[in-house]
file upload-v2.cif (mmCIF, C-alpha atoms)
data_entry
loop_
_atom_site.label_atom_id
_atom_site.label_comp_id
_atom_site.auth_asym_id
_atom_site.auth_seq_id
_atom_site.Cartn_x
_atom_site.Cartn_y
_atom_site.Cartn_z
CA MET F 608 -4.38 30.54 -49.64
CA ARG F 609 -6.53 30.55 -46.54
CA ARG F 610 -5.05 30.05 -43.13
CA PHE F 611 -5.62 26.68 -41.53
CA ARG F 612 -8.26 26.93 -38.79
CA LEU F 613 -8.72 24.39 -36.10
CA THR F 614 -12.43 23.78 -36.15
CA PRO F 615 -14.23 21.61 -33.54
CA LEU F 616 -14.78 18.96 -36.21
CA ARG F 617 -11.11 18.78 -37.07
CA LEU F 618 -10.15 18.62 -33.39
CA ALA F 619 -12.58 15.78 -32.77
CA ALA F 620 -11.22 13.88 -35.76
CA ALA F 621 -7.67 14.26 -34.52
CA ILE F 622 -8.57 13.06 -31.00
CA ALA F 623 -10.45 10.07 -32.36
CA MET F 624 -7.54 9.00 -34.54
CA ALA F 625 -5.09 9.40 -31.67
CA ALA F 626 -7.28 7.31 -29.37
CA CYS F 627 -7.56 4.52 -31.90
CA VAL F 628 -3.83 4.37 -32.54
CA SER F 629 -2.98 4.53 -28.82
CA THR F 630 -5.33 1.67 -28.08
CA GLY F 631 -3.69 -0.42 -30.74
CA VAL F 632 -0.22 0.21 -29.41
CA ALA F 633 -1.23 -0.49 -25.81
CA TYR F 634 -2.94 -3.74 -26.84
CA ALA F 635 0.14 -4.93 -28.69
CA ALA F 636 2.31 -4.17 -25.69
CA THR F 637 0.00 -6.14 -23.41
CA LEU F 638 0.09 -9.15 -25.69
CA GLY F 639 3.85 -9.03 -25.77
CA LEU F 640 4.22 -9.10 -21.99
CA SER F 641 1.75 -11.83 -21.19
CA SER F 642 3.02 -14.21 -23.78
CA SER F 643 6.65 -13.93 -22.78
CA LYS F 644 8.49 -16.89 -21.25
CA LEU F 645 5.92 -17.75 -18.63
CA HIS F 646 5.87 -21.41 -17.59
CA ALA F 647 2.93 -22.38 -15.42
CA TRP F 648 1.74 -25.73 -14.19
CA SER F 649 -0.39 -27.23 -11.45
CA GLN F 650 -0.08 -30.24 -9.20
CA THR F 651 -3.20 -31.94 -7.96
CA LEU F 652 -3.05 -33.72 -4.61
CA THR F 653 -4.76 -36.97 -3.73
CA LYS F 654 -6.09 -37.30 -0.20
CA GLY F 655 -6.34 -40.54 1.73
CA THR F 656 -6.41 -42.15 5.16
CA CYS F 657 -4.34 -44.93 6.63
CA SER F 658 -4.15 -46.77 9.93
CA PRO F 659 -1.03 -48.91 9.73
CA SER F 660 -1.64 -52.31 11.24
CA THR F 661 1.91 -53.46 11.85
CA LEU F 662 2.89 -52.29 15.31
CA PHE F 663 6.11 -52.72 17.23
CA ASP F 664 6.02 -51.82 20.91
CA THR F 665 7.97 -52.47 24.04
CA TYR F 666 9.27 -50.68 27.08
CA VAL F 667 12.64 -50.40 28.74
CA SER F 668 13.17 -50.60 32.46
CA GLN F 669 15.82 -48.81 34.44
CA ALA F 670 15.49 -51.56 37.06
CA THR F 671 16.66 -54.18 34.56
CA PRO F 672 18.86 -52.08 32.31
CA ASN F 673 20.29 -54.85 30.18
CA THR F 674 17.20 -57.01 29.79
CA PRO F 675 14.96 -56.49 26.79
CA ILE F 676 11.26 -56.75 27.50
CA GLY F 677 10.59 -57.84 23.93
CA ASN F 678 7.97 -56.99 21.39
CA ALA F 679 4.30 -56.69 22.33
CA PRO F 680 4.33 -57.41 26.04
CA PRO F 681 0.84 -57.60 27.63
CA THR F 682 1.22 -54.11 29.03
CA LEU F 683 3.49 -51.16 28.42
CA LEU F 684 4.81 -49.19 31.37
CA VAL F 685 5.58 -45.50 31.68
CA SER F 686 7.07 -44.51 34.98
CA GLY F 687 8.95 -41.59 36.44
CA ALA F 688 9.93 -43.45 39.60
CA VAL F 689 13.39 -42.55 40.82
CA ASN F 690 15.89 -45.18 39.72
CA ALA F 691 13.01 -47.25 38.39
CA GLN F 692 11.91 -45.36 35.34
CA ASN F 693 10.18 -47.04 32.45
CA TYR F 694 9.96 -45.67 28.92
CA THR F 695 7.59 -47.09 26.37
CA PHE F 696 8.45 -47.28 22.66
CA VAL F 697 5.98 -47.65 19.80
CA ARG F 698 6.39 -47.54 16.06
CA PHE F 699 4.40 -48.51 12.99
CA ASP F 700 5.25 -49.79 9.54
CA LEU F 701 4.02 -47.21 7.05
CA SER F 702 4.85 -49.22 3.95
CA GLY F 703 1.31 -50.54 3.65
CA CYS F 704 0.01 -46.98 3.34
CA ASN F 705 1.79 -46.56 0.00
CA ILE F 706 2.51 -42.89 0.57
CA PRO F 707 5.42 -41.66 -1.59
CA ALA F 708 8.17 -39.51 -0.13
CA THR F 709 6.70 -36.56 -2.03
CA GLY F 710 3.50 -36.89 0.00
CA GLY F 711 2.86 -35.88 3.55
CA ALA F 712 0.61 -36.06 6.55
CA ASP F 713 -2.26 -33.62 6.79
CA ASN F 714 -2.79 -34.79 10.35
CA ALA F 715 -1.83 -37.83 12.38
CA THR F 716 -2.93 -39.08 15.77
CA LEU F 717 -1.31 -41.62 18.08
CA THR F 718 -3.77 -43.24 20.46
CA ILE F 719 -2.88 -45.25 23.54
CA ASN F 720 -5.27 -47.03 25.86
CA VAL F 721 -4.44 -46.45 29.49
CA THR F 722 -5.56 -49.17 31.87
CA ALA F 723 -4.08 -47.62 35.02
CA ALA F 724 -3.47 -43.88 35.20
CA GLY F 725 -0.51 -42.52 37.07
CA HIS F 726 -1.99 -39.00 37.14
CA ASP F 727 1.19 -37.55 35.73
CA LYS F 728 1.83 -35.85 32.42
CA ILE F 729 2.81 -38.14 29.59
CA SER F 730 4.91 -36.89 26.68
CA VAL F 731 5.74 -38.43 23.34
CA PHE F 732 9.18 -37.79 21.85
CA PRO F 733 10.08 -38.66 18.24
CA VAL F 734 12.59 -41.47 17.78
CA LEU F 735 14.85 -40.69 14.85
CA SER F 736 16.96 -43.83 14.56
CA ALA F 737 16.36 -47.55 14.22
CA TRP F 738 15.41 -49.74 17.15
CA ASP F 739 14.33 -53.34 17.54
CA PRO F 740 11.82 -54.20 20.27
CA ALA F 741 13.39 -57.62 20.62
CA THR F 742 16.72 -56.18 21.75
CA LEU F 743 16.05 -52.68 23.04
CA THR F 744 17.15 -52.12 26.63
CA TRP F 745 17.52 -49.23 29.05
CA ASN F 746 21.25 -49.17 28.55
CA GLY F 747 20.73 -49.38 24.80
CA LEU F 748 19.00 -46.00 24.79
CA ALA F 749 22.37 -44.28 24.54
CA GLY F 750 22.61 -45.55 20.98
CA LEU F 751 19.30 -44.07 19.93
CA THR F 752 18.60 -40.65 18.50
CA ILE F 753 15.55 -39.18 20.19
CA GLY F 754 14.15 -35.71 19.65
CA SER F 755 14.82 -33.42 22.57
CA THR F 756 11.44 -31.70 22.32
CA ALA F 757 8.22 -33.50 23.04
CA THR F 758 5.83 -33.58 20.12
CA ALA F 759 2.82 -33.68 22.44
CA THR F 760 2.12 -33.78 26.17
CA GLN F 761 -1.00 -34.26 28.19
CA PRO F 762 -2.06 -35.29 31.69
CA VAL F 763 -3.19 -38.86 32.05
CA ASN F 764 -5.67 -38.84 34.88
CA SER F 765 -7.96 -41.72 34.13
CA ALA F 766 -8.07 -45.14 32.52
CA ARG F 767 -9.21 -44.46 28.99
CA ALA F 768 -7.93 -43.81 25.50
CA PHE F 769 -5.63 -40.81 25.04
CA SER F 770 -4.76 -39.31 21.69
CA PHE F 771 -1.62 -37.38 20.87
CA THR F 772 -1.24 -35.23 17.77
CA VAL F 773 1.90 -36.35 15.96
CA THR F 774 1.37 -34.75 12.57
CA SER F 775 4.79 -33.19 12.15
CA ASP F 776 6.58 -36.41 13.10
CA VAL F 777 4.60 -38.52 10.65
CA ASP F 778 4.98 -35.90 7.92
CA ALA F 779 8.74 -35.96 8.39
CA ALA F 780 8.74 -39.76 8.47
CA ILE F 781 6.85 -39.97 5.19
CA LYS F 782 9.46 -37.76 3.56
CA ALA F 783 12.26 -39.78 5.17
CA GLY F 784 10.71 -43.05 4.02
CA VAL F 785 10.56 -44.62 7.48
CA LEU F 786 8.86 -44.00 10.81
CA TRP F 787 10.81 -44.89 13.91
CA GLY F 788 7.97 -43.98 16.22
CA TRP F 789 7.97 -42.48 19.65
CA GLU F 790 9.37 -42.76 23.13
CA ILE F 791 6.65 -42.22 25.72
CA GLN F 792 7.82 -40.76 29.01
CA ASP F 793 6.37 -39.57 32.28
CA THR F 794 7.49 -35.94 32.35
CA SER F 795 5.91 -34.61 35.51
CA GLY F 796 6.11 -37.04 38.39
CA THR F 797 7.08 -40.40 39.75
CA ALA F 798 3.91 -42.41 39.20
CA THR F 799 3.44 -45.35 36.85
CA THR F 800 1.01 -45.42 33.97
CA VAL F 801 0.00 -48.72 32.42
CA ILE F 802 -0.82 -48.89 28.72
CA SER F 803 -2.54 -51.79 27.04
CA SER F 804 -0.44 -53.49 24.40
CA THR F 805 -2.18 -56.64 23.23
CA THR F 806 -5.86 -56.12 24.07
CA ASN F 807 -6.21 -52.54 22.85
CA PRO F 808 -2.85 -51.82 21.33
CA PRO F 809 -1.58 -48.38 20.43
CA SER F 810 -2.84 -47.17 17.08
CA LEU F 811 -1.93 -44.53 14.54
CA SER F 812 -4.40 -42.73 12.29
CA ILE F 813 -3.11 -40.74 9.35
CA ASN F 814 -4.83 -38.38 6.94
CA TYR F 815 -2.37 -37.90 4.15
CA GLU F 816 -1.86 -36.35 0.73
CA LYS F 817 0.16 -37.59 -2.19
CA MET Q 1187 -9.45 26.19 -50.56
CA GLN Q 1188 -11.64 24.72 -47.88
CA ARG Q 1189 -10.97 21.25 -49.25
CA LEU Q 1190 -7.24 21.94 -49.32
CA ALA Q 1191 -7.36 23.08 -45.71
CA ASN Q 1192 -9.13 19.91 -44.68
CA ILE Q 1193 -6.59 17.75 -46.50
CA LEU Q 1194 -3.78 19.66 -44.91
CA ALA Q 1195 -5.33 19.17 -41.48
CA ILE Q 1196 -5.52 15.43 -41.99
CA VAL Q 1197 -1.95 15.22 -43.27
CA VAL Q 1198 -0.58 17.23 -40.34
CA THR Q 1199 -2.57 15.17 -37.84
CA ALA Q 1200 -1.39 11.93 -39.40
CA ALA Q 1201 2.20 13.12 -39.32
CA LEU Q 1202 1.99 14.02 -35.66
CA LEU Q 1203 0.37 10.73 -34.80
CA SER Q 1204 3.01 8.87 -36.76
CA VAL Q 1205 5.66 10.39 -34.53
CA GLY Q 1206 3.71 9.26 -31.48
CA VAL Q 1207 3.15 5.82 -32.89
CA ALA Q 1208 6.78 5.46 -33.79
CA SER Q 1209 7.72 6.41 -30.27
CA ALA Q 1210 5.23 4.00 -28.75
CA ALA Q 1211 6.27 1.32 -31.18
CA GLY Q 1212 9.83 1.83 -30.09
CA LEU Q 1213 8.78 1.01 -26.56
CA GLY Q 1214 6.42 -1.66 -27.65
CA PHE Q 1215 8.95 -3.23 -29.92
CA THR Q 1216 10.85 -4.71 -26.99
CA SER Q 1217 7.79 -6.28 -25.40
CA GLY Q 1218 6.53 -7.18 -28.85
CA ARG Q 1219 9.64 -9.19 -29.45
CA LEU Q 1220 9.14 -10.93 -26.09
CA GLY Q 1221 5.62 -11.83 -27.09
CA ALA Q 1222 6.63 -13.13 -30.46
CA GLY Q 1223 9.56 -14.83 -28.80
CA SER Q 1224 7.37 -17.30 -27.00
CA ALA Q 1225 7.40 -19.26 -30.19
CA VAL Q 1226 11.07 -18.72 -30.78
CA VAL Q 1227 12.66 -18.33 -27.34
CA ALA Q 1228 11.98 -21.27 -25.06
CA GLY Q 1229 11.39 -20.81 -21.32
CA CYS Q 1230 13.95 -22.08 -18.83
CA THR Q 1231 12.05 -25.35 -18.51
CA SER Q 1232 9.03 -27.05 -19.91
CA SER Q 1233 8.81 -29.62 -17.12
CA SER Q 1234 6.15 -29.70 -14.44
CA LEU Q 1235 8.39 -29.82 -11.42
CA THR Q 1236 7.16 -31.64 -8.31
CA ALA Q 1237 6.46 -29.73 -5.13
CA THR Q 1238 6.18 -31.06 -1.59
CA ARG Q 1239 5.06 -29.24 1.53
CA ASN Q 1240 5.96 -29.53 5.16
CA VAL Q 1241 3.60 -29.02 8.06
CA ASP Q 1242 3.87 -28.14 11.71
CA ASN Q 1243 2.25 -30.31 14.35
CA SER Q 1244 -1.00 -28.38 13.93
CA GLY Q 1245 -1.14 -29.47 10.32
CA ASN Q 1246 -0.46 -26.01 8.89
CA VAL Q 1247 1.79 -25.63 5.88
CA THR Q 1248 5.18 -24.25 6.87
CA GLN Q 1249 6.93 -24.39 3.52
CA LEU Q 1250 6.74 -25.68 -0.02
CA SER Q 1251 9.80 -27.23 -1.62
CA VAL Q 1252 10.42 -27.54 -5.33
CA THR Q 1253 13.42 -29.57 -6.39
CA GLY Q 1254 15.15 -29.96 -9.72
CA VAL Q 1255 14.64 -26.39 -10.91
CA PRO Q 1256 17.02 -26.12 -13.90
CA GLN Q 1257 20.01 -23.87 -13.65
CA ALA Q 1258 18.68 -22.03 -16.69
CA CYS Q 1259 15.90 -20.69 -14.44
CA ALA Q 1260 18.32 -18.71 -12.28
CA GLY Q 1261 17.03 -15.20 -11.88
CA GLU Q 1262 13.45 -16.12 -12.67
CA THR Q 1263 10.65 -15.91 -10.13
CA LEU Q 1264 9.09 -19.10 -8.85
CA ALA Q 1265 5.58 -18.47 -7.53
CA ALA Q 1266 3.25 -20.93 -5.83
CA THR Q 1267 -0.34 -20.73 -4.76
CA LEU Q 1268 -2.01 -23.21 -2.42
CA GLU Q 1269 -5.51 -23.94 -3.68
CA ASN Q 1270 -8.54 -25.63 -2.22
CA SER Q 1271 -10.94 -27.90 -4.07
CA SER Q 1272 -12.64 -24.86 -5.63
CA HIS Q 1273 -9.26 -23.64 -6.87
CA THR Q 1274 -9.52 -20.69 -4.53
CA SER Q 1275 -6.22 -19.36 -3.28
CA LEU Q 1276 -5.50 -20.17 0.35
CA GLY Q 1277 -2.07 -18.55 0.32
CA SER Q 1278 0.78 -17.76 -2.01
CA ALA Q 1279 4.47 -17.09 -1.95
CA SER Q 1280 7.29 -16.50 -4.38
CA ALA Q 1281 11.05 -16.33 -4.56
CA VAL Q 1282 13.74 -15.64 -7.10
CA VAL Q 1283 15.65 -18.70 -8.27
CA GLY Q 1284 19.26 -18.32 -7.32
CA SER Q 1285 22.36 -19.51 -9.08
CA CYS Q 1286 23.07 -23.16 -8.58
CA THR Q 1287 24.71 -26.08 -10.32
CA GLY Q 1288 22.86 -29.11 -11.51
CA GLY Q 1289 19.45 -28.11 -10.24
CA CYS Q 1290 18.09 -25.70 -7.71
CA SER Q 1291 16.07 -26.65 -4.68
CA MET Q 1292 13.64 -23.88 -3.90
CA THR Q 1293 11.86 -23.42 -0.60
CA LEU Q 1294 8.91 -21.08 -0.43
CA SER Q 1295 7.46 -19.97 2.88
CA GLY Q 1296 5.16 -17.29 4.20
CA PHE Q 1297 1.86 -18.75 3.05
CA GLY Q 1298 0.16 -17.63 6.23
CA THR Q 1299 -1.86 -20.05 8.32
CA VAL Q 1300 -3.06 -22.64 5.83
CA SER Q 1301 -4.26 -26.06 6.93
CA ALA Q 1302 -2.71 -28.73 4.74
CA ALA Q 1303 -5.97 -30.65 4.94
CA ASN Q 1304 -7.65 -27.93 2.87
CA VAL Q 1305 -4.98 -27.81 0.17
CA THR Q 1306 -5.83 -29.94 -2.84
CA ALA Q 1307 -3.57 -28.42 -5.49
CA TYR Q 1308 -0.53 -26.26 -6.05
CA ALA Q 1309 -0.48 -23.71 -8.84
CA LEU Q 1310 3.10 -22.90 -9.80
CA SER Q 1311 4.80 -20.66 -12.31
CA LEU Q 1312 8.21 -19.52 -13.41
CA THR Q 1313 8.47 -16.08 -14.94
CA PRO Q 1314 11.46 -14.09 -16.10
#
call {"tool": "encode", "arguments": {"input": "upload-v2.cif", "output": "structure tokens"}}
result
Amino acid sequence: MRRFRLTPLRLAAAIAMAACVSTGVAYAATLGLSSSKLHAWSQTLTKGTCSPSTLFDTYVSQATPNTPIGNAPPTLLVSGAVNAQNYTFVRFDLSGCNIPATGGADNATLTINVTAAGHDKISVFPVLSAWDPATLTWNGLAGLTIGSTATATQPVNSARAFSFTVTSDVDAAIKAGVLWGWEIQDTSGTATTVISSTTNPPSLSINYEK
Amino acid sequence: MQRLANILAIVVTAALLSVGVASAAGLGFTSGRLGAGSAVVAGCTSSSLTATRNVDNSGNVTQLSVTGVPQACAGETLAATLENSSHTSLGSASAVVGSCTGGCSMTLSGFGTVSAANVTAYALSLTP
């Protein structure tokens, strides 16, 4: 019997067979991994815009601490005057926007129209509890929950429209199901700023997703 | 004799390869059973769970929340990708579902700076 000799042809045949079998095994392993208990899904978002038309606004006066100014006075006052401060409050009814609690604001802008500038900085703070413009007073502020950090601040140096970015507040309000609006304060001086209420009332513009 | 040598060469080669295949099949058998198991072993959920995102005041996504993740998904990895209208990834994040009763609420963060205005879809997955 002749001794077995490894010829180039035999070596090539062995390598080819090994390659084919290896490929088959690797392919089977790949199939097994990718088809294991993977659960994948997607969620498509719908974009929209809304400018809620139902506005509630008033201001409270330190000078008359127990007297409500009432809803929609002709003008809204923001003043840092010592012992005569005025805070303005605005809120909007979001129900007409039909945004579910699973939605959110992509961006939101609160616009006020200043008719007399106090040349101080004006800040908007989120109000986090219910208030009624018909009954809200300076002394009633103690019963309100107001965010300690201003959402937006800017100098008000002329009589014109000013816009404040309030995206995070509106996003949170959508998820909470209600928007309690903002307290507008003078945070830099003692001047008085006058905001139009009835002629060019505050407005809110929302770009949302749902 | 030449023919016998050739036959012997093929037999020996086949035997050696069989050992290799058996070894590989032993490894592959586990993943093979996983693959076949997709028809037999159900995933932890078949529901398309709803996700919501939060934004900062600049309109950038800060986190994505997924509620109602079944307890059976504990230990699995929840992954989410924020996509634009071309289904291009704008950012992604993942986290392992922890143990919880009733249903897990998962919060994913670390998507980078992604404007919510550009996000039109979430792609989500749960994998063991």
call {"tool": "residues_around", "arguments": {"input": "upload-v2.cif", "residues": "Thr718 (chain F)", "least_positions_apart": "5", "cutoff": "6 Å", "atoms": "all atoms listed in the file", "output": "ChimeraX atom specification"}}
result
/F:769-770,809-810
call {"tool": "residues_near_point", "arguments": {"input": "upload-v2.cif", "point": "(17.1, -45.7, 14.6)", "cutoff": "8 Å", "atoms": "only C-alpha atoms", "output": "list in words"}}
result
Val734, Leu735, Ser736, Ala737, Trp738, Leu751, Thr752 and Trp787 of chain F
call {"tool": "atom_distance", "arguments": {"input": "upload-v2.cif", "atom1": "CA of Thr1267 (chain Q)", "atom2": "CA of Val785 (chain F)"}}
result
29.0 Å
call {"tool": "resolve_selection", "arguments": {"input": "upload-v2.cif", "expression": "the PyMOL selection byres ((chain Q and resi 1301) around 12)", "output": "list in words"}}
result
Ala712, Asp713, Asn714 and Thr774 of chain F; Arg1239, Asn1240, Val1241, Asp1242, Asn1243, Ser1244, Gly1245, Asn1246, Val1247, Thr1248, Gln1249, Leu1268, Glu1269, Asn1270, Leu1276, Gly1277, Phe1297, Gly1298, Thr1299, Val1300, Ala1302, Ala1303, Asn1304, Val1305 and Thr1306 of chain Q
call {"tool": "atom_distance", "arguments": {"input": "upload-v2.cif", "atom1": "CA of Thr1274 (chain Q)", "atom2": "CA of Trp648 (chain F)"}}
result
15.7 Å
call {"tool": "resolve_selection", "arguments": {"input": "upload-v2.cif", "expression": "the PyMOL selection byres ((chain Q and resi 1278-1285) around 6)", "output": "PyMOL selection string"}}
result
chain Q and resi 1260-1267+1277+1286+1297
call {"tool": "closest_residue", "arguments": {"input": "upload-v2.cif", "among": "Q:Thr1238, Q:Ser1272, Q:Ser1233, Q:Ser1291", "to": "chain F", "atoms": "only C-alpha atoms"}}
result
Q:Thr1238
call {"tool": "closest_residue", "arguments": {"input": "upload-v2.cif", "among": "F:Pro680, F:Pro733, F:Gly725, F:Pro659", "to": "Ala757 (chain F)", "atoms": "all atoms listed in the file"}}
result
F:Pro733
call {"tool": "resolve_selection", "arguments": {"input": "upload-v2.cif", "expression": "the PyMOL selection byres ((chain F and resi 807) around 10)", "output": "list in words"}}
result
Pro681, Thr682, Thr718, Ile719, Asn720, Val721, Thr722, Ala768, Ile802, Ser803, Ser804, Thr805, Thr806, Pro808, Pro809 and Ser810 of chain F
call {"tool": "residues_near_point", "arguments": {"input": "upload-v2.cif", "point": "(3.4, -37.8, 24.2)", "cutoff": "10 Å", "atoms": "all atoms listed in the file", "output": "compact mmCIF listing (two decimals) with C-alpha atoms, in the frame of the given file"}}
result
# COMPACT_ATOMS: atom_id res chain seq x y z
CA LEU F 717 -1.31 -41.62 18.08
CA THR F 718 -3.77 -43.24 20.46
CA ILE F 719 -2.88 -45.25 23.54
CA LYS F 728 1.83 -35.85 32.42
CA ILE F 729 2.81 -38.14 29.59
CA SER F 730 4.91 -36.89 26.68
CA VAL F 731 5.74 -38.43 23.34
CA PHE F 732 9.18 -37.79 21.85
CA PRO F 733 10.08 -38.66 18.24
CA ALA F 757 8.22 -33.50 23.04
CA THR F 758 5.83 -33.58 20.12
CA ALA F 759 2.82 -33.68 22.44
CA THR F 760 2.12 -33.78 26.17
CA GLN F 761 -1.00 -34.26 28.19
CA PRO F 762 -2.06 -35.29 31.69
CA PHE F 769 -5.63 -40.81 25.04
CA SER F 770 -4.76 -39.31 21.69
CA PHE F 771 -1.62 -37.38 20.87
CA THR F 772 -1.24 -35.23 17.77
CA VAL F 773 1.90 -36.35 15.96
CA TRP F 789 7.97 -42.48 19.65
CA GLU F 790 9.37 -42.76 23.13
CA ILE F 791 6.65 -42.22 25.72
CA GLN F 792 7.82 -40.76 29.01
CA ASP F 793 6.37 -39.57 32.28
CA THR F 794 7.49 -35.94 32.35
call {"tool": "closest_residue", "arguments": {"input": "upload-v2.cif", "among": "F:Phe696, F:Ala749, F:Arg617, F:Gly788", "to": "chain Q", "atoms": "only C-alpha atoms"}}
result
F:Arg617
call {"tool": "residues_around", "arguments": {"input": "upload-v2.cif", "residues": "Thr661 (chain F)", "least_positions_apart": "5", "cutoff": "12 Å", "atoms": "all atoms listed in the file", "output": "list of chain:residue names"}}
result
F:Asn678, F:Ala679, F:Val697, F:Arg698, F:Phe699, F:Asp700, F:Leu701, F:Ser702, F:Gly703, F:Cys704, F:Leu786, F:Pro808, F:Pro809, F:Ser810, F:Leu811
call {"tool": "atom_distance", "arguments": {"input": "upload-v2.cif", "atom1": "CA of Ala691 (chain F)", "atom2": "CA of Leu743 (chain F)"}}
result
16.6 Å
